[in-house]
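*Asks:* Quick one, model.csv (CSV, C-alpha atoms):
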```csv
chain,number,residue,atom,x,y,z
A,149,MET,CA,61.2,-16.3,56.6
A,150,GLY,CA,64.7,-14.8,56.2
A,151,LEU,CA,65.4,-11.3,54.9
A,152,ARG,CA,64.0,-10.7,51.4
A,153,LYS,CA,65.0,-7.7,49.4
A,154,VAL,CA,63.9,-6.2,46.0
A,155,LYS,CA,65.4,-3.2,44.3
A,156,LEU,CA,63.8,-1.2,41.5
A,157,ILE,CA,64.9,1.9,39.6
A,158,ILE,CA,62.6,4.0,37.5
A,159,GLU,CA,63.1,7.1,35.5
A,160,SER,CA,61.7,10.4,36.9
A,161,ASP,CA,58.6,10.1,34.7
A,162,LEU,CA,55.1,10.1,36.3
A,163,ASP,CA,53.9,7.7,33.7
A,164,ASP,CA,56.2,5.0,35.1
A,165,VAL,CA,55.0,5.4,38.7
A,166,PRO,CA,52.1,2.9,38.4
A,167,LEU,CA,54.7,0.1,37.6
A,168,VAL,CA,56.1,0.6,41.1
A,169,GLY,CA,52.7,0.5,42.6
A,170,ILE,CA,51.9,-2.8,41.0
A,171,ALA,CA,55.3,-4.3,42.2
A,172,VAL,CA,54.7,-3.1,45.7
A,173,ASN,CA,51.2,-4.6,45.8
A,174,ARG,CA,52.4,-8.0,44.7
A,175,PHE,CA,55.3,-7.8,47.2
A,176,CYS,CA,52.7,-7.1,49.9
A,177,ALA,CA,50.6,-10.0,48.9
A,178,TYR,CA,53.7,-12.2,49.1
A,179,ALA,CA,54.3,-10.9,52.6
A,180,ASP,CA,50.8,-11.9,53.6
A,181,PHE,CA,49.5,-8.3,54.2
A,182,SER,CA,45.8,-8.0,53.9
A,183,GLU,CA,44.3,-6.6,50.7
A,184,THR,CA,43.6,-3.3,52.5
A,185,ASP,CA,47.1,-3.1,54.0
A,186,ALA,CA,48.6,-3.8,50.5
A,187,PHE,CA,46.5,-1.1,49.0
A,188,ASN,CA,47.5,1.4,51.7
A,189,ILE,CA,51.2,0.5,51.5
A,190,GLU,CA,51.1,0.8,47.7
A,191,LEU,CA,49.5,4.3,48.1
A,192,CYS,CA,52.3,5.4,50.5
A,193,VAL,CA,55.1,4.3,48.2
A,194,ILE,CA,53.3,5.9,45.2
A,195,GLU,CA,53.1,9.2,47.2
A,196,ALA,CA,56.8,9.0,48.1
A,197,VAL,CA,57.9,8.3,44.5
A,198,THR,CA,55.6,11.0,43.2
A,199,ASN,CA,57.1,13.5,45.7
A,200,SER,CA,60.6,12.6,44.5
A,201,ILE,CA,59.7,13.2,40.8
A,202,LYS,CA,57.6,16.3,41.5
A,203,HIS,CA,59.6,18.0,44.2
A,204,ALA,CA,63.1,16.6,44.2
A,205,TYR,CA,63.4,16.6,40.4
A,206,GLY,CA,60.8,19.3,39.6
A,207,GLU,CA,59.2,16.8,37.1
A,208,GLU,CA,62.3,16.9,35.0
A,209,SER,CA,62.9,13.6,33.1
A,210,GLY,CA,66.3,11.8,32.9
A,211,HIS,CA,66.8,11.2,36.6
A,212,GLU,CA,66.4,8.1,38.7
A,213,VAL,CA,64.2,7.1,41.6
A,214,MET,CA,65.5,4.1,43.5
A,215,ILE,CA,63.0,2.0,45.5
A,216,SER,CA,63.8,-1.0,47.7
A,217,PHE,CA,61.5,-3.3,49.6
A,218,THR,CA,62.9,-5.4,52.4
A,219,LEU,CA,60.9,-8.0,54.2
A,220,SER,CA,61.8,-9.5,57.5
A,221,ASP,CA,59.8,-11.6,60.0
A,222,THR,CA,58.6,-8.5,61.8
A,223,ASP,CA,58.2,-5.8,59.3
A,224,ALA,CA,58.4,-4.6,55.7
A,225,VAL,CA,60.6,-1.5,55.0
A,226,PHE,CA,60.3,0.6,51.8
A,227,GLU,CA,63.1,3.0,50.9
A,228,ILE,CA,62.4,5.6,48.2
A,229,CYS,CA,65.5,7.5,47.3
A,230,ASP,CA,66.5,10.3,44.8
A,231,LYS,CA,69.4,12.5,44.1
A,232,GLY,CA,67.5,15.7,43.6
A,233,GLN,CA,66.6,18.7,45.8
A,234,PRO,CA,66.4,17.6,49.4
A,235,MET,CA,63.2,18.1,51.3
A,236,ASP,CA,63.1,20.4,54.3
A,237,PRO,CA,62.8,17.8,57.2
A,238,GLU,CA,60.3,20.2,58.9
A,239,ARG,CA,57.8,19.3,56.1
A,240,LEU,CA,57.7,15.7,57.3
A,241,LYS,CA,57.4,16.8,61.0
A,242,LYS,CA,54.6,19.2,60.3
A,243,ALA,CA,52.7,17.0,57.7
A,244,ASP,CA,49.2,16.0,58.6
A,245,LEU,CA,46.0,15.3,56.7
A,246,GLY,CA,44.8,18.9,57.3
A,247,ALA,CA,41.4,17.2,57.7
A,248,SER,CA,40.0,18.7,60.9
A,249,HIS,CA,38.4,21.7,59.1
A,250,ILE,CA,37.2,19.9,56.0
A,251,GLU,CA,33.5,20.8,55.6
A,252,LYS,CA,31.3,21.5,52.5
A,253,GLN,CA,30.8,25.1,53.5
A,254,ASN,CA,34.5,25.9,53.6
A,255,ILE,CA,35.6,24.3,50.4
A,256,ASP,CA,37.8,27.3,49.5
A,257,SER,CA,40.1,26.4,52.4
A,258,VAL,CA,40.4,22.8,51.4
A,259,ALA,CA,43.8,22.3,49.8
A,260,ASP,CA,44.3,20.7,46.3
A,261,SER,CA,47.7,19.3,47.2
A,262,GLY,CA,50.0,18.5,50.1
A,263,ARG,CA,48.3,15.5,51.5
A,264,GLY,CA,50.9,12.9,50.5
A,265,LEU,CA,53.1,13.0,53.5
A,266,GLY,CA,50.1,13.2,55.9
A,267,ILE,CA,48.7,10.0,54.3
A,268,ILE,CA,52.0,8.3,54.7
A,269,LYS,CA,52.3,9.2,58.4
A,270,GLU,CA,48.8,8.1,59.0
A,271,ILE,CA,49.2,4.7,57.4
A,272,MET,CA,52.8,3.7,58.1
A,273,ASP,CA,54.1,2.6,61.5
A,274,ARG,CA,57.3,4.5,61.1
A,275,VAL,CA,58.5,7.2,58.7
A,276,GLU,CA,62.1,8.6,58.5
A,277,TYR,CA,63.8,11.0,56.1
A,278,ARG,CA,67.5,11.0,55.5
A,279,SER,CA,69.5,13.2,53.3
A,280,GLU,CA,73.2,12.6,53.0
A,281,LYS,CA,75.9,12.4,50.3
A,282,GLU,CA,73.5,13.9,47.8
A,283,ARG,CA,71.1,11.0,48.3
A,284,ASN,CA,67.7,11.7,49.9
A,285,CYS,CA,65.7,8.7,51.2
A,286,LEU,CA,62.2,8.4,52.7
A,287,ILE,CA,62.1,5.2,54.7
A,288,LEU,CA,58.7,3.7,55.4
A,289,LYS,CA,58.1,0.9,57.8
A,290,LYS,CA,55.0,-1.3,58.3
A,291,ASN,CA,54.9,-3.9,61.0
A,292,ILE,CA,53.7,-7.4,60.3
A,293,SER,CA,51.0,-8.2,62.9
B,94,MET,CA,43.3,5.8,32.9
B,95,GLU,CA,40.5,6.0,30.4
B,96,ILE,CA,37.7,8.6,30.6
B,97,SER,CA,34.5,8.1,28.7
B,98,GLN,CA,32.0,11.0,28.6
B,99,LYS,CA,28.3,10.9,28.4
B,100,ARG,CA,25.6,13.7,28.5
B,101,ILE,CA,22.4,12.9,30.4
B,102,GLU,CA,19.9,15.9,30.2
B,103,ASP,CA,21.9,18.8,31.6
B,104,MET,CA,24.5,16.6,33.4
B,105,ASP,CA,27.8,15.2,32.2
B,106,VAL,CA,28.9,11.8,33.4
B,107,LEU,CA,32.6,11.1,33.3
B,108,ALA,CA,33.2,7.4,33.7
B,109,LEU,CA,36.8,6.7,34.7
B,110,THR,CA,38.6,3.4,34.3
B,111,GLY,CA,42.0,2.5,35.8
B,112,ARG,CA,44.3,4.4,38.2
B,113,LEU,CA,43.6,8.0,39.2
B,114,GLU,CA,47.1,9.2,40.2
B,115,ALA,CA,49.5,12.0,39.4
B,116,ALA,CA,50.0,11.3,35.6
B,117,SER,CA,46.3,10.5,34.9
B,118,ALA,CA,44.9,13.2,37.1
B,119,LYS,CA,46.1,15.8,34.5
B,120,LYS,CA,43.9,14.1,32.0
B,121,LEU,CA,40.8,14.4,34.3
B,122,LYS,CA,41.7,18.1,35.0
B,123,GLY,CA,41.8,18.9,31.3
B,124,CYS,CA,38.5,17.2,30.7
B,125,VAL,CA,36.8,19.1,33.6
B,126,ASP,CA,38.4,22.4,32.6
B,127,ALA,CA,37.0,22.0,29.1
B,128,LEU,CA,33.5,21.4,30.5
B,129,VAL,CA,33.6,24.3,32.9
B,130,LYS,CA,34.6,26.6,30.0
B,131,GLU,CA,31.4,25.6,28.3
B,132,LYS,CA,29.5,26.2,31.6
B,133,ARG,CA,28.7,22.5,31.8
B,134,VAL,CA,29.0,22.3,35.6
B,135,LYS,CA,26.7,19.5,36.7
B,136,LEU,CA,29.2,16.6,36.8
B,137,ILE,CA,29.0,13.0,37.9
B,138,VAL,CA,32.3,11.2,38.2
B,139,ASP,CA,31.6,7.5,37.8
B,140,MET,CA,34.4,5.8,39.7
B,141,ALA,CA,33.2,2.2,39.4
B,142,GLY,CA,36.3,1.4,37.2
B,143,VAL,CA,38.8,3.2,39.4
B,144,ASP,CA,40.8,0.7,41.5
B,145,PHE,CA,43.5,3.1,42.8
B,146,ILE,CA,43.6,6.7,43.8
B,147,ASP,CA,46.4,8.8,45.3
B,148,SER,CA,46.6,12.4,46.7
B,149,SER,CA,47.1,13.9,43.3
B,150,GLY,CA,43.8,12.2,42.1
B,151,LEU,CA,42.0,13.5,45.2
B,152,GLY,CA,43.5,16.9,44.7
B,153,THR,CA,42.1,17.0,41.1
B,154,LEU,CA,38.7,16.1,42.3
B,155,VAL,CA,38.9,18.9,44.9
B,156,SER,CA,40.0,21.5,42.4
B,157,SER,CA,37.2,20.3,40.0
B,158,LEU,CA,34.6,20.7,42.7
B,159,ARG,CA,35.8,24.2,43.5
B,160,ALA,CA,35.8,25.2,39.8
B,161,VAL,CA,32.2,24.0,39.2
B,162,ASN,CA,31.0,25.4,42.6
B,163,GLU,CA,32.1,28.8,41.3
B,164,GLU,CA,29.7,28.4,38.4
B,165,LYS,CA,26.9,27.2,40.8
B,166,GLY,CA,27.5,23.6,39.8
B,167,ASP,CA,28.5,20.5,41.7
B,168,VAL,CA,30.6,17.3,41.4
B,169,LYS,CA,28.9,14.1,42.5
B,170,VAL,CA,31.0,11.0,43.0
B,171,ALA,CA,29.4,7.6,42.2
B,172,ALA,CA,30.3,3.9,42.7
B,173,LEU,CA,33.5,4.1,44.7
B,174,GLN,CA,35.3,0.8,45.2
B,175,LYS,CA,35.9,-0.1,48.8
B,176,GLN,CA,39.6,0.7,49.1
B,177,VAL,CA,39.2,4.0,47.2
B,178,ARG,CA,36.3,5.0,49.4
B,179,SER,CA,38.5,4.3,52.5
B,180,ILE,CA,41.0,6.9,51.2
B,181,PHE,CA,38.2,9.5,50.8
B,182,GLU,CA,37.3,8.7,54.4
B,183,LEU,CA,40.9,8.8,55.7
B,184,THR,CA,41.4,12.3,54.2
B,185,ARG,CA,37.8,13.3,55.3
B,186,LEU,CA,37.1,14.4,51.7
B,187,HIS,CA,33.8,12.4,51.9
B,188,ARG,CA,32.6,15.4,53.8
B,189,ILE,CA,32.7,17.7,50.8
B,190,PHE,CA,31.6,15.4,48.0
B,191,GLY,CA,28.2,14.0,47.5
B,192,ILE,CA,29.0,10.3,47.3
B,193,PHE,CA,26.4,7.9,45.8
B,194,ASP,CA,26.2,4.2,45.2
B,195,ASN,CA,25.7,4.5,41.5
B,196,VAL,CA,25.3,7.1,38.7
B,197,GLU,CA,21.5,6.8,38.7
B,198,VAL,CA,21.2,7.8,42.4
B,199,ALA,CA,23.8,10.6,41.8
B,200,ARG,CA,21.8,11.9,38.8
B,201,LYS,CA,18.6,12.1,40.9
B,202,SER,CA,20.4,14.1,43.6
B,203,PHE,CA,20.9,17.1,41.3
```
Step by step, read the file and then write its structure as structure tokens.

*Replies:*
Amino acid sequence: MGLRKVKLIIESDLDDVPLVGIAVNRFCAYADFSETDAFNIELCVIEAVTNSIKHAYGEESGHEVMISFTLSDTDAVFEICDKGQPMDPERLKKADLGASHIEKQNIDSVADSGRGLGIIKEIMDRVEYRSEKERNCLILKKNIS
Amino acid sequence: MEISQKRIEDMDVLALTGRLEAASAKKLKGCVDALVKEKRVKLIVDMAGVDFIDSSGLGTLVSSLRAVNEEKGDVKVAALQKQVRSIFELTRLHRIFGIFDNVEVARKSF
């Protein structure tokens, strides 16, 4: 298979995020990922797009989130880009699932939010963040086994 | 996402259908907040119709659990689809929720 690439642009509206998820899932099926991998990759892209809308744009409508999927013989790469407030790269470095202390008896210390990047790092084979020329991109790579 | 609500004895069953993610999680939060305000804090979330969940959806379930716990209630989660369950396990949140095969078993656990 040669290189295949799809680009999508959505408005910074959380109601439009599921459309990206559906497209990613179909793309993954085309790339012969398993149903579980397709679900997990869809989740990671949704987390990244949601982060762009919530954090880069502060949930303000009227901005764009650009998503591209590139498929090669060896991997699938997903780039999620915005032109909003850049993320502190330390957030990505430090992100984890915060799961080691999760127990019923300490529910008060279990966070409501902040799991997105941890989930992405857990599922994807490679995660990079680039912020240059007022464009911020989270780049997610999944190997094709 | 659609939410249908049913009262069984002193329990409220919230049957969700669709995707539980950032936009729809707000709807669930509003529904739970309204119940907690009326001190209806024995909740069963029927997830049989939920085919996708993200961290915002999970976060809303965690905040719902905390809110009902404060009023001596609980949130039981029923009928998780396989992929959705795997995300509960990945994030270890299955450790804080009672997770049951169906609503009937969840109901009996109260």

*Asks:* Between B:Arg100, B:Cys124, B:Phe193, B:Glu114, which is the closest to Asp164 in chain A once you count only C-alpha atoms?

*Replies:*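 Answer, going by the shortest atom-to-atom distance: B:Glu114.
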
*Asks:* Counting all atoms listed in the file, collect the residues of chain A whose closest atom lies at most 12 Å from chain B, and write them out as a ChimeraX atom specification.

*Replies:* /A:160-167,169-170,173,182-199,201-202,207,244-271

*Asks:* Please, what distance in Å, to one decimal, runs between CA of Thr110 in chain B and CA of Arg174 in chain A?

*Replies:*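 Answer for the CA of Thr110 in chain B to CA of Arg174 in chain A separation: 20.7 Å.
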
*Asks:* I'd like the interatomic distance between CA of Arg152 in chain A and CA of Lys281 in chain A, to a tenth of an Å.

*Replies:*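 About the pair CA of Arg152 in chain A and CA of Lys281 in chain A: they are 26.0 Å apart.
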
*Asks:* Report, in Å with one decimal, the straight-line distance from CA of Leu288 in chain A to CA of Ile228 in chain A.

*Replies:*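 Between CA of Leu288 in chain A and CA of Ile228 in chain A the gap is 8.3 Å.
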
*Asks:* Which residues are near Lys153 in chain A? Cut-off 9 Å, all atoms listed in the file, ignore same chain within fewer than 6 positions. Put them as a PyMOL selection string.

*Replies:* chain A and resi 216-220

*Asks:* I'd like to know which of A:Asp221, A:Asp236, A:Asp180, A:Glu208 is closest to Gly150 in chain A, using only C-alpha atoms.

*Replies:*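 Looking only at the distances to Gly150 in chain A, the closest residue turns out to be A:Asp221.
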
*Asks:* Restricting the calculation to only C-alpha atoms: of A:Leu156, A:Ala171, A:Leu286, A:Ala179, which residue gets closest to Thr222 in chain A?

*Replies:*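 For Thr222 in chain A, the nearest of the given residues is A:Ala179.
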
*Asks:* Which polymer residues have any atom within 9 Å of an atom of Ile157 in chain A, counting all atoms listed in the file, with same-chain residues fewer than 2 positions away left out, as an MDAnalysis selection string?

*Replies:* chainID A and resid 155 159 212:216

*Asks:* Generate the output file for the selected residues, C-alpha atoms, as a compact mmCIF listing (two decimals), keeping the file's coordinate frame.

*Replies:*
```
# COMPACT_ATOMS: atom_id res chain seq x y z
CA LYS A 155 65.40 -3.20 44.30
CA GLU A 159 63.10 7.10 35.50
CA GLU A 212 66.40 8.10 38.70
CA VAL A 213 64.20 7.10 41.60
CA MET A 214 65.50 4.10 43.50
CA ILE A 215 63.00 2.00 45.50
CA SER A 216 63.80 -1.00 47.70
```

*Asks:* For Val125 in chain B, work out the shell of residues within 10 Å, counting only C-alpha atoms and skipping chain neighbours fewer than 4 positions away, then give it as an MDAnalysis selection string.

*Replies:* chainID B and resid 105 107 119:121 129:131 133:134 136 153:154 156:158 160:161

*Asks:* Find the residue from B:Asp126, B:Glu95, B:Glu163, B:Asp103 that sits nearest to Gly142 in chain B; use only C-alpha atoms when measuring.

*Replies:*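 The closest residue to Gly142 in chain B is B:Glu95.
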
*Asks:* For Val138 in chain B, please output as a PDB file with C-alpha atoms, in the frame of the given file all residues within 8 Å (counting only C-alpha atoms; exclusion window: fewer than 5 positions along the same chain).

*Replies:*
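What follows is the written file out28.pdb:
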```pdb
ATOM      1  CA  VAL B 106      28.900  11.800  33.400  1.00  0.00           C
ATOM      2  CA  LEU B 107      32.600  11.100  33.300  1.00  0.00           C
ATOM      3  CA  ALA B 108      33.200   7.400  33.700  1.00  0.00           C
ATOM      4  CA  LEU B 109      36.800   6.700  34.700  1.00  0.00           C
ATOM      5  CA  VAL B 168      30.600  17.300  41.400  1.00  0.00           C
ATOM      6  CA  LYS B 169      28.900  14.100  42.500  1.00  0.00           C
ATOM      7  CA  VAL B 170      31.000  11.000  43.000  1.00  0.00           C
ATOM      8  CA  ALA B 171      29.400   7.600  42.200  1.00  0.00           C
TER       9      ALA B 171
END
```

*Asks:* Calculated over only C-alpha atoms, which of the candidates A:Glu238, A:Gly206, A:Val172, A:Ala224 has the smallest distance to Ser293 in chain A?

*Replies:*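 Counting only C-alpha atoms, the residue closest to Ser293 in chain A is A:Ala224.
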
*Asks:* Write out as a list in words the residues lying within 6 Å of Ile287 in chain A, counting all atoms listed in the file and excluding same-chain residues fewer than 4 positions away.

*Replies:*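 Counting only the stated atoms, we get Phe226, Glu227, Val275 and Glu276 of chain A.
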
*Asks:* When distances are computed from only C-alpha atoms, which of B:Met94, B:Ala199, B:Ala172, B:Ile101 shows the smallest separation from Ile137 in chain B?

*Replies:*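 Closest candidate: B:Ala199.
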